[in-house]
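**Q** Got a structure for you, data-v5.pdb, holding PDB, C-alpha atoms.
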ATOM      1  CA  MET C   1      -8.238  11.796  24.648
ATOM      2  CA  ARG C   2      -4.849  11.585  26.312
ATOM      3  CA  LEU C   3      -3.391  14.504  24.374
ATOM      4  CA  GLY C   4      -5.043  17.886  24.983
ATOM      5  CA  ILE C   5      -4.190  18.945  21.419
ATOM      6  CA  LEU C   6      -6.487  16.193  20.093
ATOM      7  CA  ASP C   7      -9.406  17.545  22.115
ATOM      8  CA  HIS C   8      -8.743  21.284  21.879
ATOM      9  CA  GLY C   9      -5.983  21.947  19.363
ATOM     10  CA  TYR C  10      -8.088  22.481  16.246
ATOM     11  CA  GLY C  11      -8.398  25.536  14.042
ATOM     12  CA  LEU C  12     -11.621  27.397  13.374
ATOM     13  CA  GLY C  13     -12.647  25.292  10.368
ATOM     14  CA  PRO C  14     -12.546  21.912  12.106
ATOM     15  CA  LYS C  15     -14.095  23.424  15.272
ATOM     16  CA  LEU C  16     -17.037  24.670  13.241
ATOM     17  CA  LEU C  17     -17.327  21.287  11.510
ATOM     18  CA  PHE C  18     -17.412  19.467  14.857
ATOM     19  CA  GLN C  19     -20.161  21.829  16.045
ATOM     20  CA  LEU C  20     -22.163  21.208  12.892
ATOM     21  CA  ILE C  21     -21.795  17.444  13.322
ATOM     22  CA  ARG C  22     -23.122  17.738  16.868
ATOM     23  CA  LEU C  23     -25.947  19.999  15.737
ATOM     24  CA  PHE C  24     -27.119  17.877  12.807
ATOM     25  CA  SER C  25     -26.460  14.361  14.108
ATOM     26  CA  GLY C  26     -27.198  15.053  17.758
ATOM     27  CA  HIS C  27     -23.925  13.328  18.668
ATOM     28  CA  PRO C  28     -20.353  14.530  19.209
ATOM     29  CA  ALA C  29     -17.864  14.063  16.372
ATOM     30  CA  PRO C  30     -16.153  10.698  16.981
ATOM     31  CA  ASP C  31     -12.517  10.879  18.066
ATOM     32  CA  ALA C  32     -11.567   8.741  15.036
ATOM     33  CA  ALA C  33     -12.846  11.520  12.778
ATOM     34  CA  LYS C  34     -11.413  14.319  14.904
ATOM     35  CA  ILE C  35      -7.800  13.195  14.817
ATOM     36  CA  THR C  36      -7.740  13.239  11.011
ATOM     37  CA  PHE C  37      -8.269  17.011  11.302
ATOM     38  CA  TYR C  38      -5.340  17.582  13.651
ATOM     39  CA  ARG C  39      -2.410  18.782  11.522
ATOM     40  CA  PRO C  40      -3.938  16.858   8.605
ATOM     41  CA  ASP C  41      -0.848  17.332   6.469
ATOM     42  CA  PHE C  42       1.125  15.109   8.853
ATOM     43  CA  TYR C  43      -1.207  12.102   8.852
ATOM     44  CA  GLY C  44      -4.947  12.640   8.344
ATOM     45  CA  THR C  45      -5.056  13.575   4.677
ATOM     46  CA  ARG C  46      -2.983  10.636   3.452
ATOM     47  CA  MET C  47      -4.489   8.139   5.876
ATOM     48  CA  LYS C  48      -8.000   9.119   4.796
ATOM     49  CA  ALA C  49      -7.035   8.661   1.129
ATOM     50  CA  PHE C  50      -5.618   5.197   1.852
ATOM     51  CA  THR C  51      -8.576   4.152   4.019
ATOM     52  CA  GLN C  52     -11.119   5.383   1.485
ATOM     53  CA  GLU C  53      -9.447   3.352  -1.272
ATOM     54  CA  ALA C  54      -9.196   0.247   0.951
ATOM     55  CA  MET C  55     -12.745   0.436   2.315
ATOM     56  CA  ARG C  56     -14.700   1.952  -0.572
ATOM     57  CA  GLY C  57     -12.466   1.643  -3.650
ATOM     58  CA  PRO C  58     -13.020  -0.987  -6.352
ATOM     59  CA  SER C  59     -12.855  -4.519  -4.906
ATOM     60  CA  ALA C  60     -14.536  -7.897  -5.300
ATOM     61  CA  TRP C  61     -15.212  -7.712  -1.532
ATOM     62  CA  SER C  62     -18.444  -5.921  -0.657
ATOM     63  CA  VAL C  63     -18.468  -2.895   1.645
ATOM     64  CA  GLY C  64     -20.035  -5.129   4.321
ATOM     65  CA  ASP C  65     -17.246  -7.702   3.935
ATOM     66  CA  ARG C  66     -14.585  -5.017   4.348
ATOM     67  CA  GLU C  67     -16.307  -3.470   7.370
ATOM     68  CA  LEU C  68     -16.534  -6.965   8.863
ATOM     69  CA  MET C  69     -12.782  -7.474   8.310
ATOM     70  CA  ALA C  70     -12.184  -4.088   9.991
ATOM     71  CA  ALA C  71     -14.280  -5.119  12.999
ATOM     72  CA  TYR C  72     -12.530  -8.477  13.259
ATOM     73  CA  VAL C  73      -9.005  -7.065  13.009
ATOM     74  CA  SER C  74      -9.992  -4.493  15.649
ATOM     75  CA  ARG C  75     -11.186  -7.257  17.922
ATOM     76  CA  VAL C  76      -7.843  -9.052  17.627
ATOM     77  CA  ASN C  77      -6.179  -5.718  18.471
ATOM     78  CA  GLU C  78      -8.520  -5.329  21.465
ATOM     79  CA  CYS C  79      -9.750  -1.939  20.321
ATOM     80  CA  PRO C  80     -13.245  -1.402  21.748
ATOM     81  CA  PHE C  81     -13.884   1.853  19.861
ATOM     82  CA  CYS C  82     -13.112   0.386  16.426
ATOM     83  CA  VAL C  83     -14.905  -2.919  17.114
ATOM     84  CA  ALA C  84     -18.062  -0.992  17.987
ATOM     85  CA  ALA C  85     -17.763   1.450  15.076
ATOM     86  CA  HIS C  86     -17.111  -1.175  12.399
ATOM     87  CA  SER C  87     -19.336  -3.979  13.675
ATOM     88  CA  THR C  88     -22.161  -1.424  13.641
ATOM     89  CA  THR C  89     -21.218  -0.368  10.106
ATOM     90  CA  ALA C  90     -20.901  -3.986   8.897
ATOM     91  CA  ALA C  91     -24.278  -4.907  10.419
ATOM     92  CA  ARG C  92     -25.870  -1.939   8.715
ATOM     93  CA  ALA C  93     -24.222  -2.705   5.367
ATOM     94  CA  TYR C  94     -25.299  -6.357   5.483
ATOM     95  CA  GLN C  95     -28.634  -5.574   7.145
ATOM     96  CA  ASP C  96     -27.678  -8.497   9.397
ATOM     97  CA  GLU C  97     -26.601  -7.912  12.988
ATOM     98  CA  ARG C  98     -26.597 -11.599  13.858
ATOM     99  CA  LYS C  99     -24.016 -12.495  11.246
ATOM    100  CA  VAL C 100     -21.627  -9.838  12.538
ATOM    101  CA  ALA C 101     -22.153 -10.867  16.153
ATOM    102  CA  ALA C 102     -21.552 -14.509  15.210
ATOM    103  CA  VAL C 103     -18.242 -13.663  13.494
ATOM    104  CA  LEU C 104     -17.003 -11.699  16.488
ATOM    105  CA  ALA C 105     -18.071 -14.484  18.865
ATOM    106  CA  ASP C 106     -16.571 -17.375  16.882
ATOM    107  CA  LEU C 107     -15.190 -17.049  13.368
ATOM    108  CA  ASP C 108     -15.048 -20.835  12.847
ATOM    109  CA  SER C 109     -18.766 -21.435  13.358
ATOM    110  CA  ALA C 110     -20.115 -18.161  11.913
ATOM    111  CA  PRO C 111     -22.301 -18.396   8.781
ATOM    112  CA  LEU C 112     -19.775 -17.120   6.226
ATOM    113  CA  PRO C 113     -18.622 -18.232   2.763
ATOM    114  CA  ASP C 114     -15.419 -20.321   2.947
ATOM    115  CA  GLY C 115     -13.343 -17.693   1.136
ATOM    116  CA  LEU C 116     -14.259 -14.846   3.451
ATOM    117  CA  ARG C 117     -13.750 -17.036   6.521
ATOM    118  CA  ALA C 118     -10.309 -18.178   5.320
ATOM    119  CA  THR C 119      -9.329 -14.594   4.501
ATOM    120  CA  MET C 120     -10.408 -13.355   7.923
ATOM    121  CA  ARG C 121      -8.549 -16.193   9.621
ATOM    122  CA  MET C 122      -5.380 -15.176   7.774
ATOM    123  CA  LEU C 123      -5.911 -11.498   8.729
ATOM    124  CA  GLY C 124      -6.418 -12.542  12.339
ATOM    125  CA  LYS C 125      -3.129 -14.452  12.372
ATOM    126  CA  LEU C 126      -1.293 -11.580  10.696
ATOM    127  CA  THR C 127      -2.688  -9.152  13.250
ATOM    128  CA  ALA C 128      -1.991 -11.338  16.278
ATOM    129  CA  GLU C 129       1.428 -12.669  15.273
ATOM    130  CA  GLY C 130       2.708  -9.964  12.940
ATOM    131  CA  ALA C 131       3.414 -12.386  10.085
ATOM    132  CA  VAL C 132       1.913 -15.085   7.886
ATOM    133  CA  THR C 133       3.496 -17.719   5.639
ATOM    134  CA  ALA C 134       3.164 -18.601   1.968
ATOM    135  CA  GLU C 135       1.309 -21.710   3.133
ATOM    136  CA  ASP C 136      -1.252 -19.512   4.935
ATOM    137  CA  MET C 137      -1.781 -17.669   1.647
ATOM    138  CA  ARG C 138      -2.134 -20.932  -0.305
ATOM    139  CA  VAL C 139      -4.888 -22.007   2.065
ATOM    140  CA  VAL C 140      -6.808 -18.800   1.296
ATOM    141  CA  LEU C 141      -6.197 -19.127  -2.469
ATOM    142  CA  SER C 142      -7.444 -22.741  -2.380
ATOM    143  CA  THR C 143     -10.907 -21.501  -1.324
ATOM    144  CA  GLY C 144     -11.181 -19.583  -4.598
ATOM    145  CA  VAL C 145     -10.228 -16.143  -3.269
ATOM    146  CA  SER C 146      -8.202 -14.228  -5.893
ATOM    147  CA  VAL C 147      -4.735 -12.721  -5.434
ATOM    148  CA  GLN C 148      -6.285  -9.272  -5.832
ATOM    149  CA  GLN C 149      -8.868 -10.022  -3.122
ATOM    150  CA  ILE C 150      -6.075 -11.018  -0.745
ATOM    151  CA  GLU C 151      -4.228  -7.784  -1.527
ATOM    152  CA  ASP C 152      -7.442  -5.844  -0.957
ATOM    153  CA  SER C 153      -7.962  -7.535   2.421
ATOM    154  CA  LEU C 154      -4.375  -6.727   3.431
ATOM    155  CA  ALA C 155      -5.049  -3.046   2.761
ATOM    156  CA  VAL C 156      -8.084  -3.168   5.080
ATOM    157  CA  CYS C 157      -5.864  -4.882   7.641
ATOM    158  CA  PHE C 158      -3.178  -2.179   7.331
ATOM    159  CA  ALA C 159      -5.726   0.599   7.816
ATOM    160  CA  PHE C 160      -7.115  -0.953  10.993
ATOM    161  CA  ASN C 161      -3.828  -2.148  12.399
ATOM    162  CA  THR C 162      -2.879   1.523  12.286
ATOM    163  CA  THR C 163      -6.158   3.068  13.445
ATOM    164  CA  ASP C 164      -6.651   0.546  16.277
ATOM    165  CA  ARG C 165      -3.233   1.430  17.677
ATOM    166  CA  LEU C 166      -3.984   5.147  17.592
ATOM    167  CA  ALA C 167      -7.401   4.585  19.183
ATOM    168  CA  ASN C 168      -5.850   2.586  22.015
ATOM    169  CA  ALA C 169      -2.834   4.861  22.515
ATOM    170  CA  PHE C 170      -4.674   8.193  22.306
ATOM    171  CA  GLY C 171      -7.684   6.860  24.227
ATOM    172  CA  PHE C 172     -10.599   7.347  21.813
ATOM    173  CA  GLU C 173     -13.761   7.817  23.829
ATOM    174  CA  LEU C 174     -16.487   5.214  23.383
ATOM    175  CA  LEU C 175     -19.791   6.560  22.086
ATOM    176  CA  SER C 176     -23.380   5.599  22.810
ATOM    177  CA  PRO C 177     -24.911   2.884  20.584
ATOM    178  CA  GLU C 178     -27.018   5.640  18.947
ATOM    179  CA  ALA C 179     -23.904   7.657  18.142
ATOM    180  CA  PHE C 180     -22.178   4.602  16.665
ATOM    181  CA  GLN C 181     -25.305   4.070  14.520
ATOM    182  CA  ALA C 182     -25.123   7.671  13.328
ATOM    183  CA  GLY C 183     -21.426   7.181  12.542
ATOM    184  CA  ALA C 184     -22.144   3.974  10.634
ATOM    185  CA  LYS C 185     -24.801   5.713   8.578
ATOM    186  CA  TYR C 186     -22.300   8.431   7.740
ATOM    187  CA  LEU C 187     -19.557   5.939   6.800
ATOM    188  CA  LEU C 188     -21.936   4.115   4.449
ATOM    189  CA  ARG C 189     -23.192   7.297   2.834
ATOM    190  CA  ARG C 190     -19.976   9.299   2.616
ATOM    191  CA  GLY C 191     -17.095   6.910   3.259
ATOM    192  CA  TYR C 192     -13.806   7.906   4.806
ATOM    193  CA  GLN C 193     -12.893  11.010   2.833
TER     194      GLN C 193
ATOM    195  CA  MET V   1       3.009  -7.892  -8.644
ATOM    196  CA  VAL V   2       0.843  -5.061  -9.838
ATOM    197  CA  ASP V   3       1.683  -1.765  -8.201
ATOM    198  CA  ASP V   4      -1.858  -0.685  -7.446
ATOM    199  CA  LYS V   5      -3.255   2.554  -6.104
ATOM    200  CA  LYS V   6      -3.330   1.372  -2.505
ATOM    201  CA  ARG V   7       0.385   0.570  -2.541
ATOM    202  CA  THR V   8       1.107   4.066  -3.870
ATOM    203  CA  LEU V   9      -1.093   5.707  -1.210
ATOM    204  CA  HIS V  10       0.589   3.605   1.482
ATOM    205  CA  ARG V  11       4.039   4.711   0.387
ATOM    206  CA  ALA V  12       2.945   8.358   0.359
ATOM    207  CA  LEU V  13       1.768   8.030   3.978
ATOM    208  CA  VAL V  14       4.986   6.358   5.117
ATOM    209  CA  ASP V  15       7.189   8.868   3.285
ATOM    210  CA  ARG V  16       5.312  11.797   4.800
ATOM    211  CA  VAL V  17       5.425  10.702   8.423
ATOM    212  CA  LEU V  18       9.089   9.739   8.182
ATOM    213  CA  HIS V  19      10.589  12.407   5.963
ATOM    214  CA  GLY V  20       8.224  15.387   5.897
ATOM    215  CA  GLU V  21       8.252  18.396   8.215
ATOM    216  CA  GLY V  22       7.598  17.514  11.847
ATOM    217  CA  ARG V  23       8.137  18.569  15.459
ATOM    218  CA  ALA V  24       9.967  15.348  16.336
ATOM    219  CA  SER V  25      13.266  14.893  14.512
ATOM    220  CA  PRO V  26      13.428  12.551  11.503
ATOM    221  CA  GLU V  27      15.759  10.343  13.587
ATOM    222  CA  GLN V  28      13.200  10.060  16.377
ATOM    223  CA  ARG V  29      10.383   9.382  13.929
ATOM    224  CA  SER V  30      12.435   6.699  12.228
ATOM    225  CA  ALA V  31      13.245   5.119  15.607
ATOM    226  CA  ALA V  32       9.524   5.121  16.518
ATOM    227  CA  PHE V  33       8.663   3.590  13.134
ATOM    228  CA  THR V  34      11.167   0.739  13.615
ATOM    229  CA  ASN V  35      10.394   0.479  17.363
ATOM    230  CA  ALA V  36      14.053   0.666  18.346
ATOM    231  CA  GLY V  37      16.458   3.095  19.905
ATOM    232  CA  LEU V  38      14.382   5.837  21.514
ATOM    233  CA  PRO V  39      15.260   7.025  25.029
ATOM    234  CA  GLU V  40      12.934   6.028  27.872
ATOM    235  CA  PRO V  41      10.129   6.638  28.563
ATOM    236  CA  LEU V  42       9.401   7.164  24.857
ATOM    237  CA  GLN V  43      10.677   3.714  23.929
ATOM    238  CA  ALA V  44       8.281   2.068  26.383
ATOM    239  CA  LEU V  45       5.349   4.038  24.944
ATOM    240  CA  VAL V  46       6.288   3.276  21.351
ATOM    241  CA  ASP V  47       6.799  -0.405  22.136
ATOM    242  CA  LYS V  48       3.322  -0.607  23.659
ATOM    243  CA  VAL V  49       1.802   1.074  20.607
ATOM    244  CA  ALA V  50       3.536  -1.398  18.303
ATOM    245  CA  ALA V  51       3.187  -4.621  20.275
ATOM    246  CA  MET V  52       0.186  -4.345  22.642
ATOM    247  CA  SER V  53      -1.590  -1.054  22.148
ATOM    248  CA  TRP V  54      -4.511  -2.136  24.317
ATOM    249  CA  LYS V  55      -2.197  -1.851  27.327
ATOM    250  CA  ALA V  56      -1.400   1.842  26.741
ATOM    251  CA  THR V  57      -2.456   3.979  29.702
ATOM    252  CA  ASP V  58      -2.728   7.616  30.734
ATOM    253  CA  ALA V  59       0.489   7.057  32.707
ATOM    254  CA  ASP V  60       2.463   6.050  29.587
ATOM    255  CA  VAL V  61       1.531   9.276  27.850
ATOM    256  CA  SER V  62       2.019  11.496  30.886
ATOM    257  CA  ALA V  63       5.457   9.925  31.556
ATOM    258  CA  ALA V  64       6.547  10.997  28.058
ATOM    259  CA  LYS V  65       5.277  14.520  28.724
ATOM    260  CA  THR V  66       6.965  14.721  32.131
ATOM    261  CA  ALA V  67      10.242  13.652  30.536
ATOM    262  CA  GLY V  68      10.043  16.681  28.230
ATOM    263  CA  SER V  69       8.300  15.593  25.023
ATOM    264  CA  SER V  70       5.655  17.981  23.693
ATOM    265  CA  GLU V  71       2.180  16.739  22.815
ATOM    266  CA  ASP V  72       2.933  17.313  19.131
ATOM    267  CA  GLU V  73       6.059  15.192  19.368
ATOM    268  CA  ILE V  74       4.115  12.422  21.095
ATOM    269  CA  PHE V  75       1.358  12.696  18.466
ATOM    270  CA  GLU V  76       3.930  12.169  15.707
ATOM    271  CA  LEU V  77       5.872   9.377  17.420
ATOM    272  CA  VAL V  78       2.734   7.380  18.256
ATOM    273  CA  ILE V  79       1.613   7.690  14.628
ATOM    274  CA  CYS V  80       5.054   6.600  13.401
ATOM    275  CA  ALA V  81       4.992   3.600  15.753
ATOM    276  CA  ALA V  82       1.523   2.552  14.572
ATOM    277  CA  VAL V  83       2.279   3.049  10.876
ATOM    278  CA  GLY V  84       5.632   1.284  11.286
ATOM    279  CA  GLN V  85       4.234  -1.870  12.883
ATOM    280  CA  SER V  86       1.323  -2.007  10.418
ATOM    281  CA  THR V  87       3.732  -1.534   7.522
ATOM    282  CA  ARG V  88       5.927  -4.436   8.640
ATOM    283  CA  GLN V  89       2.852  -6.649   8.789
ATOM    284  CA  TYR V  90       1.545  -5.421   5.424
ATOM    285  CA  GLU V  91       4.875  -5.988   3.699
ATOM    286  CA  ALA V  92       5.427  -9.396   5.333
ATOM    287  CA  ALA V  93       1.992 -10.520   4.147
ATOM    288  CA  LEU V  94       2.505  -9.213   0.614
ATOM    289  CA  ALA V  95       5.848 -11.056   0.497
ATOM    290  CA  ALA V  96       4.155 -14.268   1.687
ATOM    291  CA  LEU V  97       1.521 -13.820  -1.017
ATOM    292  CA  ALA V  98       4.204 -13.292  -3.661
ATOM    293  CA  ASP V  99       5.909 -16.477  -2.465
ATOM    294  CA  ALA V 100       2.652 -18.401  -2.627
ATOM    295  CA  ILE V 101       1.985 -17.418  -6.223
ATOM    296  CA  GLY V 102       5.608 -17.930  -7.203
ATOM    297  CA  THR V 103       6.598 -14.434  -8.255
ATOM    298  CA  GLY V 104       9.320 -14.528  -5.602
ATOM    299  CA  GLU V 105       9.206 -10.837  -4.777
ATOM    300  CA  SER V 106       7.132  -8.636  -2.561
ATOM    301  CA  GLY V 107       6.397  -6.150  -5.330
TER     302      GLY V 107
END
In structure tokens, how does this file's structure come out?
**A**
Amino acid sequence: MRLGILDHGYGLGPKLLFQLIRLFSGHPAPDAAKITFYRPDFYGTRMKAFTQEAMRGPSAWSVGDRELMAAYVSRVNECPFCVAAHSTTAARAYQDERKVAAVLADLDSAPLPDGLRATMRMLGKLTAEGAVTAEDMRVVLSTGVSVQQIEDSLAVCFAFNTTDRLANAFGFELLSPEAFQAGAKYLLRRGYQ
Amino acid sequence: MVDDKKRTLHRALVDRVLHGEGRASPEQRSAAFTNAGLPEPLQALVDKVAAMSWKATDADVSAAKTAGSSEDEIFELVICAAVGQSTRQYEAALAALADAIGTGESG
């Protein structure tokens, strides 16, 4: 990473945890996990609580749907680390790699329900342009998506608009496909806390 | 609009990075959050984080260090810039949603 403190600035507890992760998973701790342990009272603790609620809290969207939104938002933000991490997690949650690949290749033609497609299109516009209109929201509502589902999707979008920026600015290191699989397995079993 | 748990957790994050203890001053953190008014080269770094983070390079970060910012200050200001831009988008979208359903407020 571009800041030495994010590679080497951890206390004994996190250092031991990172060693255990390497020992038991066979892969290094991902940078996305590591930075939440750097001065966690400044950012990590609260961001993890928000992300856990957005990605694993009660919602009419499935875990796979939310991981897919995370991957898509990350693609719009051109964040290779987060695209890989969350497309792998979405594919694992859905047990369907082709669906995830199709969404990332072309949202319009991907095999998705209308409501999820419309929601993702709105999130893509919000992420690319920084704003959406009431009319954009009406389009999503007209597909049968509830107000609460839109709010839930906006929370996913907030989490990844933030994390993508940190990944790109701090220079999160890309992992091997096997390590991203191990990370996806962890995120589905344990979540973001 | 219902003030749900996620909105509360979001506010706690924003309050902490802006107003809690930090190595960068609250003024600098607030400037990074709003993406306005930091001295160069910090402003250039923060603007990239907010507007086109994929263009951030090693040189952007090392320029901030060379100009005298510590790594902890940079850590905080980059986080504030990211949380600030994401918060503007989140709040703009919630306001658009409130408009669409006719409550006329962002909640």
**Q** Which chain C residues are at most 9 Å from chain V (counting all atoms listed in the file), as a VMD selection string?
**A** chain C and resid 2 to 6 41 to 43 45 to 47 49 to 51 53 to 54 77 to 79 126 to 127 129 to 138 141 147 150 to 152 154 to 155 157 to 171
**Q** Between atom CA of C:Ala32 and atom CA of C:Leu107, what distance in Å does the model show, to one decimal?
**A** 26.1 Å
**Q** Mind telling me what the PyMOL selection byres ((chain V and resi 28) around 10) catches here, as a compact mmCIF listing (two decimals) with C-alpha atoms, in the frame of the given file?
**A**
# COMPACT_ATOMS: atom_id res chain seq x y z
CA LEU V 18 9.09 9.74 8.18
CA ARG V 23 8.14 18.57 15.46
CA ALA V 24 9.97 15.35 16.34
CA SER V 25 13.27 14.89 14.51
CA PRO V 26 13.43 12.55 11.50
CA GLU V 27 15.76 10.34 13.59
CA ARG V 29 10.38 9.38 13.93
CA SER V 30 12.44 6.70 12.23
CA ALA V 31 13.24 5.12 15.61
CA ALA V 32 9.52 5.12 16.52
CA PHE V 33 8.66 3.59 13.13
CA THR V 34 11.17 0.74 13.62
CA ALA V 36 14.05 0.67 18.35
CA GLY V 37 16.46 3.10 19.90
CA LEU V 38 14.38 5.84 21.51
CA PRO V 39 15.26 7.02 25.03
CA LEU V 42 9.40 7.16 24.86
CA GLU V 73 6.06 15.19 19.37
CA GLU V 76 3.93 12.17 15.71
CA LEU V 77 5.87 9.38 17.42
CA CYS V 80 5.05 6.60 13.40
**Q** When distances are computed from only C-alpha atoms, which of C:Met55, C:Ala128, C:Leu116, C:Leu174 shows the smallest separation from C:Ser146?
**A**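 Selected residue with least distance to C:Ser146: C:Leu116.
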**Q** Work out how far atom CA of C:Ala118 is from atom CA of C:Gly191, in Å to one decimal.
**A** 26.1 Å
**Q** What does the distance from atom CA of C:Leu23 to atom CA of C:Thr36 come to in Å, to one decimal?
**A**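 So the two atoms, atom CA of C:Leu23 and atom CA of C:Thr36, lie 20.0 Å apart.
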**Q** Which one of C:Leu188, C:Gly57, C:Leu17, C:Arg75 sits closest to C:Leu123 if you count only C-alpha atoms?
**A**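 Looking only at the distances to C:Leu123, the closest residue turns out to be C:Arg75.
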**Q** For C:Pro113, find every residue with an atom within 12 Å (counting all atoms listed in the file), except residues of its own chain fewer than 5 positions away, and show them as a ChimeraX atom specification.
**A** /C:61,65,99,103,107-108,118-120,140,143-145
**Q** Show me, as AutoDock Vina command-line options, the centre and edge lengths in Å to one decimal of the axis-aligned box that covers every listed atom of stretch 67-78 of chain C with 3 Å on each side.
**A**
--center_x -11.4 --center_y -6.3 --center_z 14.4 --size_x 16.4 --size_y 11.6 --size_z 20.1
